[in-house]
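my_file18.cif (mmCIF, C-alpha atoms) appears below.
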```
data_data
#
loop_
_atom_site.label_atom_id
_atom_site.label_comp_id
_atom_site.auth_asym_id
_atom_site.auth_seq_id
_atom_site.Cartn_x
_atom_site.Cartn_y
_atom_site.Cartn_z
CA MET A 841 91.78 86.92 115.90
CA LEU A 842 95.20 86.88 117.54
CA SER A 843 93.64 85.95 120.88
CA ARG A 844 91.82 83.03 119.25
CA LYS A 845 95.09 81.68 117.92
CA GLY A 846 96.71 81.95 121.34
CA ILE A 847 99.29 84.50 120.26
CA ILE A 848 98.02 87.28 122.58
CA PRO A 849 96.16 86.53 125.83
CA GLU A 850 92.47 87.39 125.66
CA GLU A 851 92.50 89.39 128.90
CA TYR A 852 95.19 91.69 127.41
CA VAL A 853 93.03 92.35 124.34
CA LEU A 854 90.02 93.16 126.50
CA THR A 855 92.08 95.53 128.61
CA ARG A 856 93.40 97.40 125.58
CA LEU A 857 89.87 97.72 124.16
CA ALA A 858 88.62 99.14 127.45
CA GLU A 859 91.13 101.99 127.40
CA ASP A 860 90.01 105.44 126.36
CA PRO A 861 91.89 106.46 123.18
CA ALA A 862 91.45 110.13 124.04
CA GLU A 863 93.14 109.76 127.42
CA PRO A 864 96.77 110.94 127.27
CA ARG A 865 99.43 108.30 127.84
CA TYR A 866 102.69 109.34 129.45
CA ARG A 867 106.03 108.01 128.31
CA ALA A 868 109.37 108.04 130.00
CA ARG A 869 111.37 111.07 129.08
CA GLU A 870 114.04 110.30 126.54
CA ARG A 871 117.62 111.43 126.89
CA ARG A 872 117.91 115.08 125.94
CA ALA A 873 119.89 116.10 122.88
CA ARG A 874 123.29 117.56 123.62
CA PHE A 875 124.61 120.87 122.33
CA VAL A 876 128.15 119.55 121.78
CA SER A 877 128.89 115.91 120.97
CA LYS A 878 131.71 113.96 122.55
CA ASN A 879 133.92 114.53 119.51
CA GLY A 880 133.36 118.30 119.61
CA ASN A 881 130.80 118.77 116.84
CA CYS A 882 128.08 121.32 117.60
CA ASN A 883 124.62 119.77 117.43
CA VAL A 884 122.84 122.93 116.25
CA ALA A 885 120.85 123.28 113.01
CA HIS A 886 120.42 126.77 111.54
CA LYS A 887 117.06 127.14 109.81
CA ASN A 888 115.03 129.90 108.13
CA ILE A 889 118.03 132.09 107.37
CA ARG A 890 116.61 134.83 105.18
CA GLU A 891 119.77 136.79 104.42
CA GLN A 892 121.58 134.14 102.40
CA GLY A 893 123.59 136.83 100.61
CA ARG A 894 125.77 137.28 103.68
CA PHE A 895 127.53 134.01 102.84
CA LEU A 896 128.50 135.34 99.41
CA GLN A 897 130.14 138.39 100.99
CA ASP A 898 132.79 136.03 102.38
CA VAL A 899 133.28 133.65 99.45
CA PHE A 900 136.61 132.26 100.64
CA THR A 901 135.27 131.13 104.04
CA THR A 902 132.19 129.70 102.34
CA LEU A 903 134.38 127.62 100.01
CA VAL A 904 136.50 126.38 102.92
CA ASP A 905 133.40 125.38 104.91
CA LEU A 906 132.00 123.31 102.04
CA LYS A 907 132.34 119.55 102.01
CA TRP A 908 135.16 118.03 100.00
CA PRO A 909 133.04 116.78 97.04
CA HIS A 910 131.52 120.25 96.60
CA THR A 911 134.91 121.94 96.90
CA LEU A 912 136.51 119.65 94.31
CA LEU A 913 133.56 120.19 91.97
CA ILE A 914 133.91 123.97 92.20
CA PHE A 915 137.69 123.64 91.80
CA THR A 916 137.29 121.68 88.56
CA MET A 917 134.45 123.75 87.14
CA SER A 918 136.22 127.06 87.78
CA PHE A 919 139.11 126.05 85.52
CA LEU A 920 136.92 124.41 82.88
CA CYS A 921 134.58 127.40 82.66
CA SER A 922 137.44 129.88 82.37
CA TRP A 923 139.10 127.80 79.65
CA LEU A 924 135.85 127.54 77.70
CA LEU A 925 135.08 131.24 78.11
CA PHE A 926 138.44 132.39 76.77
CA ALA A 927 138.40 129.69 74.08
CA MET A 928 135.23 131.31 72.80
CA ALA A 929 136.96 134.71 72.89
CA TRP A 930 139.94 133.39 70.89
CA TRP A 931 137.66 131.70 68.38
CA LEU A 932 135.66 134.92 67.87
CA ILE A 933 138.87 136.91 67.32
CA ALA A 934 140.07 134.39 64.75
CA PHE A 935 136.64 134.34 63.08
CA ALA A 936 136.42 138.14 62.91
CA HIS A 937 139.93 138.42 61.51
CA GLY A 938 139.30 135.70 58.95
CA ASP A 939 141.89 133.30 60.31
CA LEU A 940 139.52 130.33 60.09
CA ALA A 941 139.54 130.69 56.27
CA PRO A 942 143.22 131.32 55.36
CA ASP A 943 142.47 131.96 51.70
CA GLU A 944 140.10 134.86 52.49
CA GLY A 945 141.79 136.34 55.57
CA SER A 946 144.91 138.34 56.23
CA ALA A 947 148.32 136.90 55.55
CA VAL A 948 149.31 137.29 59.23
CA PRO A 949 146.76 135.75 61.65
CA CYS A 950 146.03 137.08 65.15
CA VAL A 951 146.91 133.67 66.62
CA THR A 952 148.78 131.13 64.58
CA SER A 953 147.48 127.60 64.04
CA ILE A 954 143.88 128.26 65.13
CA HIS A 955 141.55 126.62 62.62
CA SER A 956 138.58 125.54 64.77
CA PHE A 957 137.06 125.82 68.23
CA SER A 958 139.09 122.80 69.37
CA SER A 959 142.36 124.50 68.53
CA ALA A 960 141.12 127.68 70.26
CA PHE A 961 140.32 125.65 73.38
CA LEU A 962 143.79 124.11 73.38
CA PHE A 963 145.35 127.56 73.01
CA SER A 964 143.25 128.83 75.95
CA ILE A 965 144.61 126.04 78.15
CA GLU A 966 148.20 126.76 77.04
CA VAL A 967 147.85 130.45 77.89
CA GLN A 968 146.24 130.02 81.32
CA VAL A 969 148.45 127.23 82.64
CA THR A 970 151.55 128.51 80.78
CA ILE A 971 152.30 125.22 79.06
CA GLY A 972 153.54 126.70 75.80
CA PHE A 973 153.88 123.82 73.35
CA GLY A 974 155.13 126.22 70.71
CA GLY A 975 152.62 125.46 67.95
CA ARG A 976 150.32 128.43 68.66
CA MET A 977 151.26 132.00 69.50
CA VAL A 978 149.81 135.52 69.54
CA THR A 979 151.11 137.87 66.87
CA GLU A 980 151.21 141.67 66.89
CA GLU A 981 148.63 141.83 64.13
CA CYS A 982 145.63 142.27 66.52
CA PRO A 983 145.79 144.55 69.61
CA LEU A 984 142.55 142.99 70.86
CA ALA A 985 144.23 139.59 71.01
CA ILE A 986 147.04 141.05 73.14
CA LEU A 987 144.43 142.52 75.51
CA ILE A 988 142.64 139.16 75.82
CA LEU A 989 146.00 137.52 76.55
CA ILE A 990 146.63 139.94 79.44
CA VAL A 991 143.12 139.52 80.85
CA GLN A 992 143.29 135.71 80.74
CA ASN A 993 146.64 135.67 82.55
CA ILE A 994 145.26 137.88 85.33
CA VAL A 995 142.07 135.82 85.66
CA GLY A 996 144.08 132.60 85.71
CA LEU A 997 146.32 133.88 88.51
CA MET A 998 143.28 134.88 90.56
CA ILE A 999 141.64 131.49 90.13
CA ASN A 1000 144.87 129.72 91.05
CA ALA A 1001 145.33 131.84 94.18
CA ILE A 1002 141.75 131.40 95.42
CA MET A 1003 141.29 127.71 94.69
CA LEU A 1004 144.77 126.55 95.76
CA GLY A 1005 144.46 128.65 98.92
CA CYS A 1006 141.08 127.07 99.59
CA ILE A 1007 142.49 123.54 99.18
CA PHE A 1008 145.41 124.38 101.47
CA MET A 1009 143.16 125.78 104.20
CA LYS A 1010 140.90 122.75 104.07
CA THR A 1011 143.83 120.37 104.48
CA ALA A 1012 145.36 122.47 107.28
CA GLN A 1013 142.18 123.23 109.22
CA ALA A 1014 142.60 123.62 112.96
CA HIS A 1015 140.12 120.90 113.89
CA ARG A 1016 142.41 118.29 112.30
CA ARG A 1017 144.93 118.91 115.07
CA ALA A 1018 142.15 118.66 117.63
CA GLU A 1019 141.63 115.00 116.70
CA THR A 1020 144.65 114.11 118.86
CA LEU A 1021 143.51 116.18 121.85
CA ILE A 1022 141.50 113.79 123.98
CA PHE A 1023 139.23 114.12 127.00
CA SER A 1024 138.14 111.49 129.48
CA LYS A 1025 134.83 109.85 128.61
CA HIS A 1026 133.45 110.59 132.08
CA ALA A 1027 133.95 113.43 134.51
CA VAL A 1028 134.09 112.81 138.25
CA ILE A 1029 133.12 114.63 141.41
CA ALA A 1030 135.15 113.94 144.54
CA LEU A 1031 136.86 115.67 147.43
CA ARG A 1032 139.97 117.70 146.72
CA HIS A 1033 141.49 119.96 149.36
CA SER A 1034 138.43 119.31 151.57
CA ARG A 1035 136.05 120.60 148.88
CA LEU A 1036 133.87 118.90 146.31
CA CYS A 1037 135.45 119.32 142.89
CA PHE A 1038 134.34 118.58 139.35
CA MET A 1039 137.30 116.90 137.60
CA LEU A 1040 138.15 115.66 134.13
CA ARG A 1041 141.30 114.47 132.38
CA VAL A 1042 142.75 115.93 129.19
CA GLY A 1043 145.71 114.72 127.12
CA ASP A 1044 147.59 115.22 123.85
CA LEU A 1045 148.59 112.19 121.77
CA ARG A 1046 151.18 114.03 119.67
CA LYS A 1047 154.71 114.91 120.65
CA SER A 1048 154.42 118.40 119.17
CA MET A 1049 153.23 120.85 121.80
CA ILE A 1050 150.17 123.06 122.04
CA ILE A 1051 151.49 126.52 122.86
CA SER A 1052 149.59 128.87 125.22
CA ALA A 1053 146.97 126.21 125.88
CA THR A 1054 143.99 127.37 127.92
CA ILE A 1055 140.91 125.50 129.07
CA ARG A 1056 137.52 126.77 130.09
CA MET A 1057 134.13 125.34 130.92
CA GLN A 1058 130.53 126.44 130.43
CA VAL A 1059 127.20 125.13 131.66
CA VAL A 1060 124.32 125.01 129.15
CA PRO A 1061 121.61 125.04 127.87
CA LEU A 1062 119.52 127.56 129.79
CA HIS A 1063 122.36 130.00 130.37
CA GLN A 1064 125.92 129.86 129.12
CA VAL A 1065 127.54 130.27 132.52
CA GLU A 1066 131.33 130.48 132.54
CA ILE A 1067 132.80 128.64 135.52
CA PRO A 1068 136.47 128.81 136.54
CA MET A 1069 138.71 125.78 136.12
CA GLU A 1070 142.13 125.10 137.58
CA ASN A 1071 144.98 122.64 137.25
CA GLY A 1072 147.63 121.52 139.65
CA VAL A 1073 149.53 124.83 139.46
CA GLY A 1074 146.44 127.08 139.44
CA GLY A 1075 144.80 129.08 136.68
CA ASN A 1076 143.36 127.92 133.36
CA SER A 1077 146.67 127.94 131.41
CA ILE A 1078 148.14 124.46 131.07
CA PHE A 1079 151.39 122.90 129.93
CA LEU A 1080 150.11 119.81 128.16
CA VAL A 1081 153.29 117.76 128.06
CA ALA A 1082 151.44 114.87 129.74
CA PRO A 1083 147.79 114.18 130.60
CA LEU A 1084 146.48 116.53 133.27
CA ILE A 1085 143.54 116.45 135.65
CA ILE A 1086 141.61 119.71 135.40
CA TYR A 1087 139.25 120.51 138.24
CA HIS A 1088 136.62 123.06 139.20
CA ALA A 1089 136.08 123.74 142.90
CA ILE A 1090 132.35 123.70 143.60
CA ASP A 1091 131.77 126.72 145.82
CA ALA A 1092 128.95 129.19 146.44
CA ASN A 1093 129.58 130.86 143.04
CA SER A 1094 129.43 127.60 141.10
CA PRO A 1095 126.30 126.56 139.15
CA LEU A 1096 126.94 123.04 140.51
CA TYR A 1097 126.59 124.21 144.12
CA ASP A 1098 123.22 122.45 144.58
CA LEU A 1099 124.05 119.39 142.48
CA ALA A 1100 123.43 116.14 144.39
CA PRO A 1101 124.30 112.52 143.50
CA SER A 1102 120.60 111.83 142.88
CA ASP A 1103 120.63 114.45 140.10
CA LEU A 1104 123.15 112.55 137.96
CA HIS A 1105 120.75 110.81 135.60
CA HIS A 1106 119.81 111.30 131.97
CA HIS A 1107 116.61 113.16 132.84
CA GLN A 1108 118.58 116.02 134.37
CA ASP A 1109 118.74 119.08 132.09
CA LEU A 1110 122.47 119.65 132.50
CA GLU A 1111 125.35 119.78 130.05
CA ILE A 1112 128.87 120.91 130.85
CA ILE A 1113 130.94 121.97 127.83
CA VAL A 1114 134.74 121.93 128.05
CA ILE A 1115 136.78 123.96 125.53
CA LEU A 1116 140.55 123.60 125.06
CA GLU A 1117 142.31 126.24 122.93
CA GLY A 1118 145.92 126.71 121.93
CA VAL A 1119 148.38 127.36 119.12
CA VAL A 1120 149.81 124.42 117.16
CA GLU A 1121 153.59 124.44 117.53
CA THR A 1122 154.38 123.20 114.02
CA THR A 1123 151.95 125.36 112.00
CA GLY A 1124 151.16 128.35 114.24
CA ILE A 1125 147.41 127.85 113.66
CA THR A 1126 145.04 128.28 116.59
CA THR A 1127 143.12 125.10 117.31
CA GLN A 1128 140.18 124.31 119.54
CA ALA A 1129 139.03 120.99 120.95
CA ARG A 1130 135.61 120.57 122.55
CA THR A 1131 133.64 117.96 124.43
CA SER A 1132 130.68 117.87 126.77
CA TYR A 1133 129.42 115.92 129.74
CA LEU A 1134 125.77 115.20 130.44
CA ALA A 1135 124.51 114.52 133.94
CA ASP A 1136 124.70 110.74 133.58
CA GLU A 1137 128.33 111.02 132.36
CA ILE A 1138 129.46 112.48 135.70
CA LEU A 1139 130.58 109.92 138.26
CA TRP A 1140 130.10 110.81 141.91
CA GLY A 1141 132.70 109.61 144.39
CA GLN A 1142 135.27 108.57 141.76
CA ARG A 1143 138.83 109.66 141.06
CA PHE A 1144 141.12 109.13 138.07
CA VAL A 1145 143.92 106.62 138.49
CA PRO A 1146 147.55 107.75 137.95
CA ILE A 1147 148.82 106.97 134.43
CA VAL A 1148 152.24 108.70 134.41
CA ALA A 1149 155.14 106.65 135.81
CA GLU A 1150 158.92 106.88 135.79
CA GLU A 1151 160.61 104.09 133.85
CA ASP A 1152 164.28 103.85 132.90
CA GLY A 1153 165.01 107.50 133.52
CA ARG A 1154 162.05 108.88 131.56
CA TYR A 1155 158.34 109.32 132.13
CA SER A 1156 155.87 107.07 130.34
CA VAL A 1157 152.12 107.53 129.92
CA ASP A 1158 149.79 104.53 129.91
CA TYR A 1159 146.86 105.68 127.79
CA SER A 1160 145.04 102.38 128.33
CA LYS A 1161 144.10 103.74 131.78
CA PHE A 1162 143.32 107.25 130.57
CA GLY A 1163 139.66 107.16 131.61
CA ASN A 1164 139.90 104.62 134.44
CA THR A 1165 138.55 105.70 137.81
CA ILE A 1166 138.44 104.28 141.32
CA LYS A 1167 135.94 104.84 144.09
CA VAL A 1168 136.97 107.16 146.90
CA PRO A 1169 135.12 108.22 150.07
CA THR A 1170 132.89 111.15 149.12
CA PRO A 1171 129.93 112.65 151.02
CA LEU A 1172 126.59 111.98 149.33
CA CYS A 1173 125.38 115.55 149.62
CA THR A 1174 125.54 118.83 147.75
CA ALA A 1175 128.39 121.29 148.17
CA ARG A 1176 125.95 123.65 149.91
CA GLN A 1177 125.08 121.00 152.49
CA LEU A 1178 128.77 120.24 152.99
CA ASP A 1179 129.54 123.91 153.64
CA GLU A 1180 126.64 124.22 156.09
CA ASP A 1181 127.42 121.01 157.99
CA HIS A 1182 131.16 120.34 158.40
CA SER A 1183 130.44 117.28 160.52
CA LEU A 1184 129.77 115.35 157.30
CA LEU A 1185 133.37 115.90 156.24
CA ASP A 1186 134.76 115.11 159.71
CA ALA A 1187 132.83 111.83 159.85
CA LEU A 1188 134.05 110.89 156.37
CA THR A 1189 137.67 111.67 157.31
CA LEU A 1190 137.50 109.44 160.40
CA ALA A 1191 135.92 106.61 158.43
CA SER A 1192 138.50 106.77 155.64
CA ALA A 1193 141.42 106.90 158.11
CA ARG A 1194 140.81 103.33 159.28
CA GLY A 1195 142.36 100.48 157.36
CA PRO A 1196 144.07 102.03 154.31
CA LEU A 1197 147.08 103.23 156.30
CA ARG A 1198 148.39 99.74 156.96
CA LYS A 1199 147.81 98.62 153.37
CA ARG A 1200 149.50 101.72 152.02
CA SER A 1201 152.57 101.32 154.21
CA VAL A 1202 153.01 97.75 153.00
CA ALA A 1203 152.77 98.87 149.37
CA VAL A 1204 155.36 101.59 149.89
CA ALA A 1205 157.76 99.13 151.48
CA LYS A 1206 157.49 96.67 148.61
CA ALA A 1207 157.69 98.93 145.56
CA LYS A 1208 158.97 102.32 144.59
CA PRO A 1209 156.10 104.83 144.36
CA LYS A 1210 155.16 105.92 140.86
CA PHE A 1211 155.24 109.56 139.78
CA SER A 1212 151.96 111.29 138.98
CA ILE A 1213 151.50 114.70 137.40
CA SER A 1214 148.39 115.43 139.46
CA PRO A 1215 148.59 113.57 142.80
CA ASP A 1216 145.18 112.82 144.25
CA SER A 1217 144.52 113.50 147.88
CA LEU A 1218 141.37 113.43 149.95
CA SER A 1219 142.25 116.37 152.15
#
```

As structure tokens:
Amino acid sequence: MLSRKGIIPEEYVLTRLAEDPAEPRYRARERRARFVSKNGNCNVAHKNIREQGRFLQDVFTTLVDLKWPHTLLIFTMSFLCSWLLFAMAWWLIAFAHGDLAPDEGSAVPCVTSIHSFSSAFLFSIEVQVTIGFGGRMVTEECPLAILILIVQNIVGLMINAIMLGCIFMKTAQAHRRAETLIFSKHAVIALRHSRLCFMLRVGDLRKSMIISATIRMQVVPLHQVEIPMENGVGGNSIFLVAPLIIYHAIDANSPLYDLAPSDLHHHQDLEIIVILEGVVETTGITTQARTSYLADEILWGQRFVPIVAEEDGRYSVDYSKFGNTIKVPTPLCTARQLDEDHSLLDALTLASARGPLRKRSVAVAKAKPKFSISPDSLS
């Protein structure tokens, strides 16, 4: 019908009808799901957990991990339920003692001014939150009432400690501080000290420091392989006063040793997770920031531009260029091939030595060179 109206060509309809429905049709492979998102959230769903009771063994952590609407609901219901429970206890004491019918009961009530369940509920609130309006009070007529008063005070203190502590921990969670720890959107691979290196940039937007900051990297998903990372001074400990370029030298022990430029596409089953840990200076809480890089988020033959400059006697950071990169001469081969054939590096060095020297000397003569925390060099 559609071919008669001219919407779909008739030859296309005939071709589709001639196809065998049972024959499998292949589609292009979609981009694989990542274990860790760019903002650090873990993309893992836990299913078929049979031992649910383990979560109740650590109630405080379970409450902290809940979402805010659920936490506030539990916070409100815990107080309301305790008030109602003890209001019922006070009403039963008054009913058993005959305080609800003053003409038939004792001359001295267990609790003054309790005539109904509403007044018992108000007295329960006054006891637990220590308001004390003065209209209702426990007398020494009933020992049971004194015991209920002690129990309600203890229960109220426990509820206050647990729920207020839960609210405090949710507002001061470590991942809140990690929101201002940023990573470059892309990682790069280029020559550094005559070796291919995997490099990324990390920075802190706050003035307060991250104490004892360390950074590490893992390759997933098949095996969680820990690979060493270094900064300009060596080691994985960093002083994050300004954005730093962290690099991993691709050697024979690296899982990226056989990685080639042609492998950097979204079909490649590769994900590199970067984890930054440290202690928040102002609160003393340990925080962790995470990100990951898929194969198509790694740029071959690129290098980060300097963003730290000296201005008016102090150093300034231009975060608008935080993730900017420039192309640099880089061999289009794996690190294994570069180690086996050093002529590739010699040819690249000779090619890059022509031309830029004159341009660089002119730039140095015209302007004062800018300071960079991690100077980039090709050799």

Atomic distance CA of Val951 in chain A - CA of Leu997 in chain A, expressed in Å with one decimal: 21.9 Å

Determine the residue set returned by the PyMOL selection byres ((chain A and resi 1035) around 12) for the present structure, and present it as a ChimeraX atom specification. /A:1029-1034,1036-1039,1087-1092,1097,1170-1171,1173-1179,1182,1184-1185,1217-1219

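With CA of Leu1104 in chain A on one side and CA of Ala885 in chain A on the other, the separation reads 27.3 Å.
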
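The space separating CA of Leu1116 in chain A from CA of Arg1046 in chain A comes to 15.3 Å.
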
Result set, the PyMOL selection byres ((chain A and resi 1059) around 12) on current file, as JSON, numbers by chain: {"A": [874, 875, 876, 1056, 1057, 1058, 1060, 1061, 1062, 1063, 1064, 1065, 1066, 1067, 1068, 1094, 1095, 1096, 1109, 1110, 1111, 1112, 1113, 1114, 1115, 1132, 1133, 1134, 1135]}

Selected residue of minimal separation from Lys1025 in chain A among A:Ile1138, A:Leu1188, A:Ile1147, A:Leu940, counting all atoms listed in the file: A:Ile1138

For the file shown, report as a CSV table (one decimal) with C-alpha atoms, in the coordinates of the input the outcome of the PyMOL selection byres ((chain A and resi 954) around 9) at residue level.
```csv
chain,number,residue,atom,x,y,z
A,930,TRP,CA,139.9,133.4,70.9
A,931,TRP,CA,137.7,131.7,68.4
A,934,ALA,CA,140.1,134.4,64.8
A,939,ASP,CA,141.9,133.3,60.3
A,940,LEU,CA,139.5,130.3,60.1
A,949,PRO,CA,146.8,135.8,61.6
A,951,VAL,CA,146.9,133.7,66.6
A,952,THR,CA,148.8,131.1,64.6
A,953,SER,CA,147.5,127.6,64.0
A,955,HIS,CA,141.6,126.6,62.6
A,956,SER,CA,138.6,125.5,64.8
A,957,PHE,CA,137.1,125.8,68.2
A,958,SER,CA,139.1,122.8,69.4
A,959,SER,CA,142.4,124.5,68.5
A,960,ALA,CA,141.1,127.7,70.3
A,963,PHE,CA,145.4,127.6,73.0
A,976,ARG,CA,150.3,128.4,68.7
```

Edge lengths and centre in Å to one decimal, as JSON, is what I'm after for the box along x, y and z that holds all listed atoms of range 1005-1009 of chain A once 6 Å is added on each side.
```
{"center_x": 143.2, "center_y": 126.1, "center_z": 101.6, "size_x": 16.3, "size_y": 17.1, "size_z": 17.3}
```

Could you add the missing atoms to range 1174-1190 of chain A, up to N, CA and C atoms, and return them as a short mmCIF file (atom, residue, chain, number, x, y, z; two decimals), in the frame of the given file?
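The file below, rebuild39.cif, is the result:
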```
data_model
loop_
_atom_site.label_atom_id
_atom_site.label_comp_id
_atom_site.auth_asym_id
_atom_site.auth_seq_id
_atom_site.Cartn_x
_atom_site.Cartn_y
_atom_site.Cartn_z
N THR A 1174 125.14 117.72 148.60
CA THR A 1174 125.54 118.83 147.75
C THR A 1174 126.67 119.61 148.40
N ALA A 1175 127.32 120.45 147.62
CA ALA A 1175 128.39 121.29 148.17
C ALA A 1175 127.82 122.30 149.16
N ARG A 1176 126.59 122.74 148.96
CA ARG A 1176 125.95 123.65 149.91
C ARG A 1176 125.77 122.98 151.26
N GLN A 1177 125.26 121.73 151.23
CA GLN A 1177 125.08 121.00 152.49
C GLN A 1177 126.40 120.73 153.18
N LEU A 1178 127.45 120.49 152.40
CA LEU A 1178 128.77 120.24 152.99
C LEU A 1178 129.33 121.50 153.65
N ASP A 1179 129.08 122.66 153.04
CA ASP A 1179 129.54 123.91 153.64
C ASP A 1179 128.76 124.25 154.91
N GLU A 1180 127.47 123.89 154.93
CA GLU A 1180 126.64 124.22 156.09
C GLU A 1180 126.85 123.25 157.24
N ASP A 1181 127.24 122.03 156.94
CA ASP A 1181 127.42 121.01 157.99
C ASP A 1181 128.78 120.36 157.82
N HIS A 1182 129.81 120.87 158.51
CA HIS A 1182 131.16 120.34 158.40
C HIS A 1182 131.32 118.99 159.08
N SER A 1183 130.34 118.59 159.87
CA SER A 1183 130.44 117.28 160.52
C SER A 1183 130.40 116.14 159.51
N LEU A 1184 129.78 116.39 158.34
CA LEU A 1184 129.77 115.35 157.30
C LEU A 1184 131.18 115.06 156.81
N LEU A 1185 131.99 116.09 156.67
CA LEU A 1185 133.37 115.90 156.24
C LEU A 1185 134.21 115.29 157.33
N ASP A 1186 133.99 115.68 158.60
CA ASP A 1186 134.76 115.11 159.71
C ASP A 1186 134.47 113.63 159.87
N ALA A 1187 133.19 113.25 159.75
CA ALA A 1187 132.83 111.83 159.85
C ALA A 1187 133.43 111.02 158.71
N LEU A 1188 133.47 111.60 157.52
CA LEU A 1188 134.05 110.89 156.37
C LEU A 1188 135.56 110.74 156.54
N THR A 1189 136.22 111.74 157.10
CA THR A 1189 137.67 111.67 157.31
C THR A 1189 138.02 110.59 158.33
N LEU A 1190 137.24 110.47 159.41
CA LEU A 1190 137.50 109.44 160.40
C LEU A 1190 137.25 108.05 159.83
#
```
